[in-house]
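Just coords_27.csv here, CSV, C-alpha atoms and all ligand atoms:
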chain,number,residue,atom,x,y,z
A,252,LEU,CA,22.1,-112.4,24.1
A,253,GLU,CA,25.1,-110.1,23.8
A,254,ALA,CA,23.9,-108.9,20.3
A,255,GLY,CA,20.4,-108.3,21.7
A,256,GLY,CA,21.9,-106.3,24.7
A,257,ALA,CA,24.0,-104.1,22.3
A,258,CYS,CA,21.0,-103.6,20.1
A,259,SER,CA,18.8,-102.5,23.0
A,260,MET,CA,21.6,-100.2,24.2
A,261,GLN,CA,21.7,-98.5,20.8
A,262,VAL,CA,17.9,-98.1,20.8
A,263,GLU,CA,18.1,-96.5,24.2
A,264,LYS,CA,20.8,-94.2,23.1
A,265,LYS,CA,18.8,-93.1,20.1
A,266,LEU,CA,15.7,-92.6,22.3
A,267,ASP,CA,17.9,-90.4,24.6
A,268,ASN,CA,19.1,-88.4,21.6
A,269,LEU,CA,15.6,-87.9,20.4
A,270,LYS,CA,14.4,-86.8,23.8
A,271,GLU,CA,17.3,-84.3,24.1
A,272,LYS,CA,16.5,-82.9,20.6
A,273,GLU,CA,12.8,-82.5,21.7
A,274,GLU,CA,13.8,-80.7,24.9
A,275,GLN,CA,16.2,-78.4,22.9
A,276,SER,CA,13.5,-77.4,20.4
A,277,LYS,CA,11.0,-76.8,23.2
A,278,GLU,CA,13.7,-74.7,24.9
A,279,ARG,CA,14.3,-72.7,21.7
A,280,VAL,CA,10.5,-71.9,21.3
A,281,SER,CA,9.9,-71.0,24.9
A,282,SER,CA,13.1,-69.1,25.7
A,283,ASP,CA,12.5,-66.6,22.9
A,284,THR,CA,10.9,-64.0,25.2
A,285,SER,CA,12.1,-61.0,23.3
A,286,LEU,CA,9.1,-61.3,21.1
A,287,CYS,CA,5.7,-60.1,22.3
A,288,THR,CA,3.5,-63.1,22.1
A,289,LEU,CA,-0.3,-63.6,21.6
A,290,ALA,CA,-1.8,-67.0,22.5
A,291,PHE,CA,-5.3,-67.5,21.1
A,292,PRO,CA,-7.8,-70.3,21.0
A,293,SER,CA,-9.7,-71.3,17.8
A,294,ILE,CA,-12.6,-68.8,17.9
A,295,SER,CA,-16.1,-70.1,17.4
A,296,THR,CA,-15.2,-73.8,16.7
A,297,ALA,CA,-16.5,-75.5,19.9
A,298,ASP,CA,-19.6,-74.1,21.5
A,299,PHE,CA,-20.3,-71.9,18.5
A,300,GLN,CA,-20.1,-74.9,16.2
A,301,PHE,CA,-18.2,-73.3,13.3
A,302,ASP,CA,-16.9,-75.7,10.6
A,303,LEU,CA,-13.3,-76.6,11.5
A,304,GLU,CA,-12.0,-76.9,7.9
A,305,LYS,CA,-13.3,-73.4,7.0
A,306,ALA,CA,-12.1,-72.0,10.3
A,307,SER,CA,-8.6,-73.4,9.8
A,308,GLU,CA,-8.4,-71.6,6.4
A,309,VAL,CA,-9.3,-68.3,8.0
A,310,ILE,CA,-6.8,-68.7,10.8
A,311,VAL,CA,-3.9,-69.5,8.6
A,312,ASP,CA,-4.7,-66.7,6.2
A,313,ALA,CA,-5.2,-64.1,8.9
A,314,ALA,CA,-2.2,-65.2,11.0
A,315,THR,CA,0.4,-65.6,8.2
A,316,ASP,CA,-0.7,-62.3,6.7
A,317,PHE,CA,-0.2,-60.6,10.1
A,318,VAL,CA,3.2,-62.0,11.0
A,319,GLN,CA,4.5,-61.1,7.5
A,320,LYS,CA,3.4,-57.4,8.1
A,321,HIS,CA,4.6,-57.1,11.8
A,322,ASP,CA,8.1,-57.7,13.2
A,323,ASN,CA,8.8,-58.7,16.8
A,324,VAL,CA,5.6,-60.5,17.4
A,325,ARG,CA,4.6,-64.1,17.7
A,326,LEU,CA,1.2,-65.8,17.4
A,327,VAL,CA,0.4,-69.1,19.0
A,328,LEU,CA,-2.8,-71.1,18.3
A,329,VAL,CA,-3.6,-73.1,21.5
A,330,ASP,CA,-5.8,-76.0,22.2
A,331,LEU,CA,-6.2,-78.4,25.2
A,332,SER,CA,-5.5,-81.8,23.5
A,333,GLN,CA,-2.7,-83.3,21.5
A,334,LYS,CA,-5.5,-84.8,19.4
A,335,SER,CA,-7.1,-81.4,18.6
A,336,ARG,CA,-8.4,-81.5,15.0
A,337,ILE,CA,-8.2,-77.7,14.6
A,338,LEU,CA,-4.5,-77.7,15.5
A,339,SER,CA,-3.7,-80.5,12.9
A,340,LEU,CA,-5.7,-78.7,10.2
A,341,VAL,CA,-3.9,-75.4,10.9
A,342,LYS,CA,-0.5,-77.1,11.0
A,343,ASP,CA,-1.1,-78.9,7.7
A,344,LYS,CA,-2.3,-75.7,6.0
A,345,ALA,CA,0.4,-73.5,7.4
A,346,ALA,CA,3.1,-76.0,6.3
A,347,LYS,CA,2.0,-75.3,2.7
A,348,LYS,CA,2.7,-71.6,3.0
A,349,SER,CA,6.1,-69.9,3.2
A,350,PHE,CA,6.6,-67.7,6.3
A,351,ASP,CA,8.7,-67.7,9.4
A,352,SER,CA,7.3,-70.7,11.4
A,353,SER,CA,8.9,-69.5,14.7
A,354,ARG,CA,6.5,-66.5,14.6
A,355,PHE,CA,3.3,-68.5,14.1
A,356,PHE,CA,2.9,-72.0,15.5
A,357,THR,CA,0.5,-74.3,17.4
A,358,PHE,CA,0.8,-75.4,21.1
A,359,VAL,CA,-1.0,-77.9,23.2
A,360,GLY,CA,-1.9,-76.6,26.7
A,361,ASP,CA,-4.4,-74.7,28.9
A,362,ILE,CA,-4.3,-71.1,27.8
A,363,THR,CA,-4.5,-70.0,31.4
A,364,GLN,CA,-1.3,-72.0,32.4
A,365,LEU,CA,1.0,-71.6,29.4
A,366,HIS,CA,3.9,-70.3,31.4
A,367,SER,CA,3.6,-72.3,34.6
A,368,LYS,CA,2.8,-75.7,33.0
A,369,GLY,CA,4.1,-75.3,29.4
A,370,GLY,CA,7.1,-73.0,29.8
A,371,LEU,CA,5.7,-70.7,27.1
A,372,GLN,CA,5.7,-67.0,28.0
A,373,CYS,CA,2.7,-65.2,26.4
A,374,ASN,CA,2.1,-61.5,27.4
A,375,VAL,CA,-1.3,-61.5,25.8
A,376,ILE,CA,-4.0,-64.1,25.6
A,377,ALA,CA,-7.3,-64.1,23.6
A,378,ASN,CA,-10.7,-65.2,24.9
A,379,ALA,CA,-13.5,-66.6,22.8
A,380,ALA,CA,-16.1,-64.5,24.6
A,381,ASN,CA,-19.9,-64.1,24.7
A,382,TRP,CA,-21.6,-60.9,23.6
A,383,ARG,CA,-22.3,-59.8,27.2
A,384,LEU,CA,-18.6,-60.2,28.2
A,385,LYS,CA,-19.7,-62.3,31.2
A,386,PRO,CA,-17.9,-65.1,33.0
A,387,GLY,CA,-19.1,-68.7,32.8
A,388,GLY,CA,-20.7,-70.5,29.9
A,389,GLY,CA,-17.9,-73.1,29.7
A,390,GLY,CA,-15.1,-73.4,27.3
A,391,VAL,CA,-12.1,-71.0,27.2
A,392,ASN,CA,-14.3,-68.1,28.5
A,393,ALA,CA,-15.0,-69.8,31.8
A,394,ALA,CA,-11.3,-70.9,32.1
A,395,ILE,CA,-10.0,-67.4,31.6
A,396,PHE,CA,-12.4,-65.7,34.0
A,397,ASN,CA,-11.8,-68.4,36.6
A,398,ALA,CA,-8.1,-68.1,36.4
A,399,ALA,CA,-8.0,-64.3,36.4
A,400,GLY,CA,-10.4,-63.8,39.4
A,401,GLU,CA,-12.8,-61.0,39.9
A,402,ALA,CA,-10.2,-58.4,38.9
A,403,LEU,CA,-10.7,-59.3,35.2
A,404,GLN,CA,-14.5,-58.8,35.5
A,405,HIS,CA,-14.1,-55.3,36.9
A,406,ALA,CA,-11.4,-54.4,34.4
A,407,THR,CA,-13.5,-55.7,31.5
A,408,LYS,CA,-16.5,-53.6,32.6
A,409,GLU,CA,-14.4,-50.5,32.5
A,410,CYS,CA,-13.5,-51.2,28.8
A,411,ALA,CA,-16.9,-52.3,27.3
A,412,ASP,CA,-20.3,-53.6,28.2
A,413,THR,CA,-21.1,-55.7,25.1
A,414,LEU,CA,-19.4,-56.9,21.9
A,415,ARG,CA,-20.7,-57.4,18.3
A,416,PRO,CA,-19.7,-60.5,16.3
A,417,GLY,CA,-16.4,-59.9,14.5
A,418,ASN,CA,-15.2,-57.4,17.1
A,419,SER,CA,-12.7,-57.5,20.0
A,420,VAL,CA,-11.8,-55.5,23.1
A,421,ALA,CA,-8.4,-55.4,24.8
A,422,VAL,CA,-8.5,-55.4,28.6
A,423,PRO,CA,-5.4,-54.8,30.8
A,424,VAL,CA,-5.1,-57.5,33.4
A,425,PRO,CA,-4.7,-55.9,36.9
A,426,SER,CA,-1.4,-56.7,38.6
A,427,THR,CA,-3.4,-58.2,41.5
A,428,SER,CA,-4.8,-61.0,39.3
A,429,PRO,CA,-3.2,-64.5,39.5
A,430,LEU,CA,-3.2,-64.6,35.7
A,431,HIS,CA,-0.8,-61.6,35.8
A,432,GLN,CA,1.2,-62.7,38.8
A,433,GLN,CA,1.7,-66.4,38.0
A,434,GLU,CA,1.5,-66.4,34.2
A,435,GLY,CA,2.8,-63.0,33.2
A,436,VAL,CA,-0.3,-62.2,31.2
A,437,THR,CA,-0.7,-58.4,30.9
A,438,HIS,CA,-3.7,-58.2,28.6
A,439,VAL,CA,-6.7,-60.4,27.7
A,440,ILE,CA,-8.4,-59.6,24.4
A,441,HIS,CA,-12.0,-60.7,24.3
A,442,VAL,CA,-13.2,-61.7,20.8
A,443,LEU,CA,-16.7,-62.5,19.7
A,444,GLY,CA,-16.8,-64.8,16.7
A,445,PRO,CA,-19.6,-65.8,14.4
A,446,ASN,CA,-22.1,-68.3,15.9
A,447,MET,CA,-23.5,-71.4,14.1
A,448,ASN,CA,-25.2,-72.8,17.2
A,449,PRO,CA,-29.0,-72.4,17.1
A,450,MET,CA,-29.0,-72.4,21.0
A,451,ARG,CA,-26.9,-69.3,21.2
A,452,PRO,CA,-27.7,-65.7,20.2
A,453,ASP,CA,-27.1,-64.3,16.6
A,454,CYS,CA,-27.0,-67.7,15.0
A,455,LEU,CA,-26.0,-67.5,11.3
A,456,LYS,CA,-27.9,-70.6,10.4
A,457,ASN,CA,-25.1,-72.2,8.3
A,458,ASP,CA,-24.5,-69.0,6.2
A,459,TYR,CA,-20.8,-69.6,5.7
A,460,THR,CA,-20.4,-66.7,3.3
A,461,LYS,CA,-21.2,-64.3,6.1
A,462,GLY,CA,-19.7,-66.7,8.7
A,463,CYS,CA,-16.2,-66.7,7.1
A,464,LYS,CA,-16.3,-62.9,6.6
A,465,VAL,CA,-17.2,-62.4,10.3
A,466,LEU,CA,-14.5,-64.8,11.5
A,467,HIS,CA,-11.9,-63.0,9.4
A,468,GLU,CA,-13.0,-59.7,10.8
A,469,ALA,CA,-12.8,-61.2,14.3
A,470,TYR,CA,-9.2,-62.4,13.8
A,471,ASN,CA,-8.2,-59.1,12.1
A,472,SER,CA,-9.7,-57.1,15.0
A,473,LEU,CA,-7.9,-59.4,17.5
A,474,PHE,CA,-4.5,-59.1,15.8
A,475,GLU,CA,-4.8,-55.3,15.4
A,476,ASN,CA,-5.6,-54.9,19.1
A,477,PHE,CA,-2.5,-57.1,19.8
A,478,ALA,CA,-0.3,-55.0,17.5
A,479,THR,CA,-1.3,-51.9,19.4
A,480,ILE,CA,-0.3,-53.5,22.7
A,481,ALA,CA,2.9,-54.9,21.3
A,482,GLN,CA,4.1,-51.4,20.1
B,501,LIG,N1,-7.2,-73.5,26.9
B,501,LIG,C1,-7.0,-73.6,25.6
B,501,LIG,N2,-8.0,-73.8,24.7
B,501,LIG,C2,-9.2,-74.1,25.2
B,501,LIG,C3,-9.5,-74.0,26.6
B,501,LIG,C4,-8.4,-73.8,27.5
B,501,LIG,N3,-8.6,-73.7,28.8
B,501,LIG,N4,-10.8,-74.3,26.8
B,501,LIG,C5,-11.4,-74.5,25.6
B,501,LIG,N5,-10.4,-74.3,24.6
B,501,LIG,P1,-15.1,-72.3,23.0
B,501,LIG,P2,-16.5,-70.7,21.0
B,501,LIG,C6,-10.6,-74.4,23.1
B,501,LIG,O1,-16.3,-73.2,23.1
B,501,LIG,O2,-16.8,-71.9,20.1
B,501,LIG,C7,-18.5,-69.9,25.8
B,501,LIG,O3,-19.5,-70.4,26.5
B,501,LIG,C8,-11.6,-75.3,22.6
B,501,LIG,O4,-11.1,-76.7,22.4
B,501,LIG,O5,-14.5,-71.9,24.3
B,501,LIG,O6,-16.0,-69.4,20.4
B,501,LIG,C9,-18.6,-68.3,25.6
B,501,LIG,O7,-19.3,-67.8,26.7
B,501,LIG,C10,-11.9,-74.7,21.2
B,501,LIG,O8,-10.8,-75.1,20.3
B,501,LIG,O9,-15.5,-71.0,22.2
B,501,LIG,C11,-19.4,-68.2,24.3
B,501,LIG,O10,-20.8,-68.1,24.6
B,501,LIG,C12,-11.7,-73.2,21.4
B,501,LIG,O11,-11.0,-73.1,22.7
B,501,LIG,C13,-19.1,-69.4,23.6
B,501,LIG,O12,-18.6,-70.4,24.5
B,501,LIG,C14,-13.0,-72.3,21.5
B,501,LIG,O13,-14.0,-73.1,22.2
B,501,LIG,C15,-18.0,-69.2,22.5
B,501,LIG,O14,-17.9,-70.4,21.8

Would you encode the structure as structure tokens?
Ligand code: AR6
Amino acid sequence: LEAGGACSMQVEKKLDNLKEKEEQSKERVSSDTSLCTLAFPSISTADFQFDLEKASEVIVDAATDFVQKHDNVRLVLVDLSQKSRILSLVKDKAAKKSFDSSRFFTFVGDITQLHSKGGLQCNVIANAANWRLKPGGGGVNAAIFNAAGEALQHATKECADTLRPGNSVAVPVPSTSPLHQQEGVTHVIHVLGPNMNPMRPDCLKNDYTKGCKVLHEAYNSLFENFATIAQ
């Protein structure tokens, strides 16, 4: 009995140590607020049905390339679930490359609540938008427009009316918006990715040569817009 008691105490102690280490690393990631941070969803891979394996390659290439060329910025790929396949694919592919992993990493959480619920401060967030730059439609687009309130719709209209696949537009989030006040988000960058869903406009009908090119252009455009804001 005694031996069992000692053993379970040791296990508990180890668990406590593990928890502490986890908290510390979470703290290190989230407290580094000196770096301008962009949180972005995986563009085109849900409603637009883009292949996840191919998308993960494009994300890792574009993101590692960007953080190697720009100092003082961080990129964070976000998805809602711990079980997200795109997050695992990106993590695995990124692990095979050599770059500073504190400047590009994955994070599980709602992109509209990263600061309040996840303790991660991101000044800029990206939206997987539609070509009309309209609210609704589900996915991350609906979540961002809902969280930001009408102020974001007006601000978006002042910047652009429509978007072509592979392009992005940066919109300052008005200080009256809850997204700005509660989450500290100063800009939303709307991005239009390639579409493989026959029920949505501009479907590429499984043409992945064009699809990968357009997805690369979309991320490059997003990151360049972010770099301009970060300067
Ligand atoms: N926080 C973080 N990630 C999210 C969230 C959230 N709140 N919501 C979804 N995701 P999608 P697309 C992830 O479908 O494929 C819209 O209707 C999701 O798990 O939003 O580019 C627009 O109006 C996935 O990994 O974007 C367009 O018409 C990623 O965000 C169309 O969908 C992108 O999923 C764009 O489709």

| Quick one: residues within 8 Å of ligand LIG 501 (chain B), with all atoms listed in the file, as a VMD selection string? | chain A and resid 291 to 301 329 to 332 335 337 359 to 363 378 to 382 384 to 395 443 to 446 451

| task | Could you check how far CA of Pro425 (chain A) sits from CA of His405 (chain A), in Å to one decimal? | result |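 CA of Pro425 (chain A) sits 9.4 Å away from CA of His405 (chain A).
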
| task | Compile the contact shell of Arg354 (chain A) as an MDAnalysis selection string: residues with an atom at most 9 Å away, counting only C-alpha atoms, same-chain residues fewer than 6 positions apart removed. | result | chainID A and resid 286 288 315 318 323:327

Take the residues that were just selected and, keeping C-alpha atoms, output them as a tab-separated table (two decimals), keeping the file's coordinate frame.
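Done, and the output landed in again_21.tsv:
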chain	number	residue	atom	x	y	z
A	286	LEU	CA	9.10	-61.30	21.10
A	288	THR	CA	3.50	-63.10	22.10
A	315	THR	CA	0.40	-65.60	8.20
A	318	VAL	CA	3.20	-62.00	11.00
A	323	ASN	CA	8.80	-58.70	16.80
A	324	VAL	CA	5.60	-60.50	17.40
A	325	ARG	CA	4.60	-64.10	17.70
A	326	LEU	CA	1.20	-65.80	17.40
A	327	VAL	CA	0.40	-69.10	19.00

| For the atom pair CA of Ala290 (chain A) and CA of Ile376 (chain A), what is the interatomic distance in Å to one decimal place? | 4.8 Å

Need the neighbours of (8.4, -68.5, 38.9): which residues are at most 12 Å away, counting only C-alpha atoms, as a PDB file with C-alpha atoms, in the frame of the given file?
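Resulting contents of selection_15.pdb:
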ATOM      1  CA  HIS A 366       3.900 -70.300  31.400  1.00  0.00           C
ATOM      2  CA  SER A 367       3.600 -72.300  34.600  1.00  0.00           C
ATOM      3  CA  LYS A 368       2.800 -75.700  33.000  1.00  0.00           C
ATOM      4  CA  GLY A 370       7.100 -73.000  29.800  1.00  0.00           C
ATOM      5  CA  GLN A 372       5.700 -67.000  28.000  1.00  0.00           C
ATOM      6  CA  HIS A 431      -0.800 -61.600  35.800  1.00  0.00           C
ATOM      7  CA  GLN A 432       1.200 -62.700  38.800  1.00  0.00           C
ATOM      8  CA  GLN A 433       1.700 -66.400  38.000  1.00  0.00           C
ATOM      9  CA  GLU A 434       1.500 -66.400  34.200  1.00  0.00           C
ATOM     10  CA  GLY A 435       2.800 -63.000  33.200  1.00  0.00           C
TER      11      GLY A 435
END

| All residues 10 Å or closer to Asn418 (chain A), all atoms listed in the file, same chain fewer than 5 positions away omitted, as a PyMOL selection string | chain A and resi 382+441-445+465-466+468-473

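Nearest-residue note for Ala314 (chain A): choosing from A:Leu371, A:Thr413, A:Ser352, A:Gln333, the minimum distance belongs to A:Ser352, counting all atoms listed in the file.
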
| said: Report, in Å to a single decimal, how far apart CA of Phe358 (chain A) and CA of Leu303 (chain A) are. | reply: 17.1 Å

| field | From A:Ala478, A:Leu365, A:Cys287, A:Ile440, residue lying nearest Pro423 (chain A) [all atoms listed in the file] | value |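 Among the listed residues, the smallest separation from Pro423 (chain A) belongs to A:Ile440.
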
| note | With distances taken over all atoms listed in the file, the candidate from A:Thr460, A:Phe350, A:His438, A:Lys320 nearest Ala377 (chain A) is A:His438

| query | Which of these residues is nearest to Asn448 (chain A), using all atoms listed in the file: A:Gly462, A:Gln404, A:Lys344, A:His321? | reply | A:Gly462

| In terms of the shortest atom-to-atom distance over only C-alpha atoms, which of A:Asp351, A:Phe477, A:Gly417, A:Asn397 is closest to Pro429 (chain A)? |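 Closest residue, counting only C-alpha atoms: A:Asn397.
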
| said: Distance cut-off 9 Å, centre (-2.7, -53.7, 27.1) in file coordinates, counting all atoms listed in the file: which residues qualify? Return them as a PyMOL selection string. | reply: chain A and resi 375+421-424+437-440+476-477+479-481

Can you spit out the residues from that selection as a PDB file, in the frame of the given file, using C-alpha atoms?
ATOM      1  CA  VAL A 375      -1.300 -61.500  25.800  1.00  0.00           C
ATOM      2  CA  ALA A 421      -8.400 -55.400  24.800  1.00  0.00           C
ATOM      3  CA  VAL A 422      -8.500 -55.400  28.600  1.00  0.00           C
ATOM      4  CA  PRO A 423      -5.400 -54.800  30.800  1.00  0.00           C
ATOM      5  CA  VAL A 424      -5.100 -57.500  33.400  1.00  0.00           C
ATOM      6  CA  THR A 437      -0.700 -58.400  30.900  1.00  0.00           C
ATOM      7  CA  HIS A 438      -3.700 -58.200  28.600  1.00  0.00           C
ATOM      8  CA  VAL A 439      -6.700 -60.400  27.700  1.00  0.00           C
ATOM      9  CA  ILE A 440      -8.400 -59.600  24.400  1.00  0.00           C
ATOM     10  CA  ASN A 476      -5.600 -54.900  19.100  1.00  0.00           C
ATOM     11  CA  PHE A 477      -2.500 -57.100  19.800  1.00  0.00           C
ATOM     12  CA  THR A 479      -1.300 -51.900  19.400  1.00  0.00           C
ATOM     13  CA  ILE A 480      -0.300 -53.500  22.700  1.00  0.00           C
ATOM     14  CA  ALA A 481       2.900 -54.900  21.300  1.00  0.00           C
TER      15      ALA A 481
END

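Considering only C-alpha atoms, the residue among A:Lys334, A:Gly369, A:Lys342, A:Phe396 positioned nearest to Ser307 (chain A) is A:Lys342.
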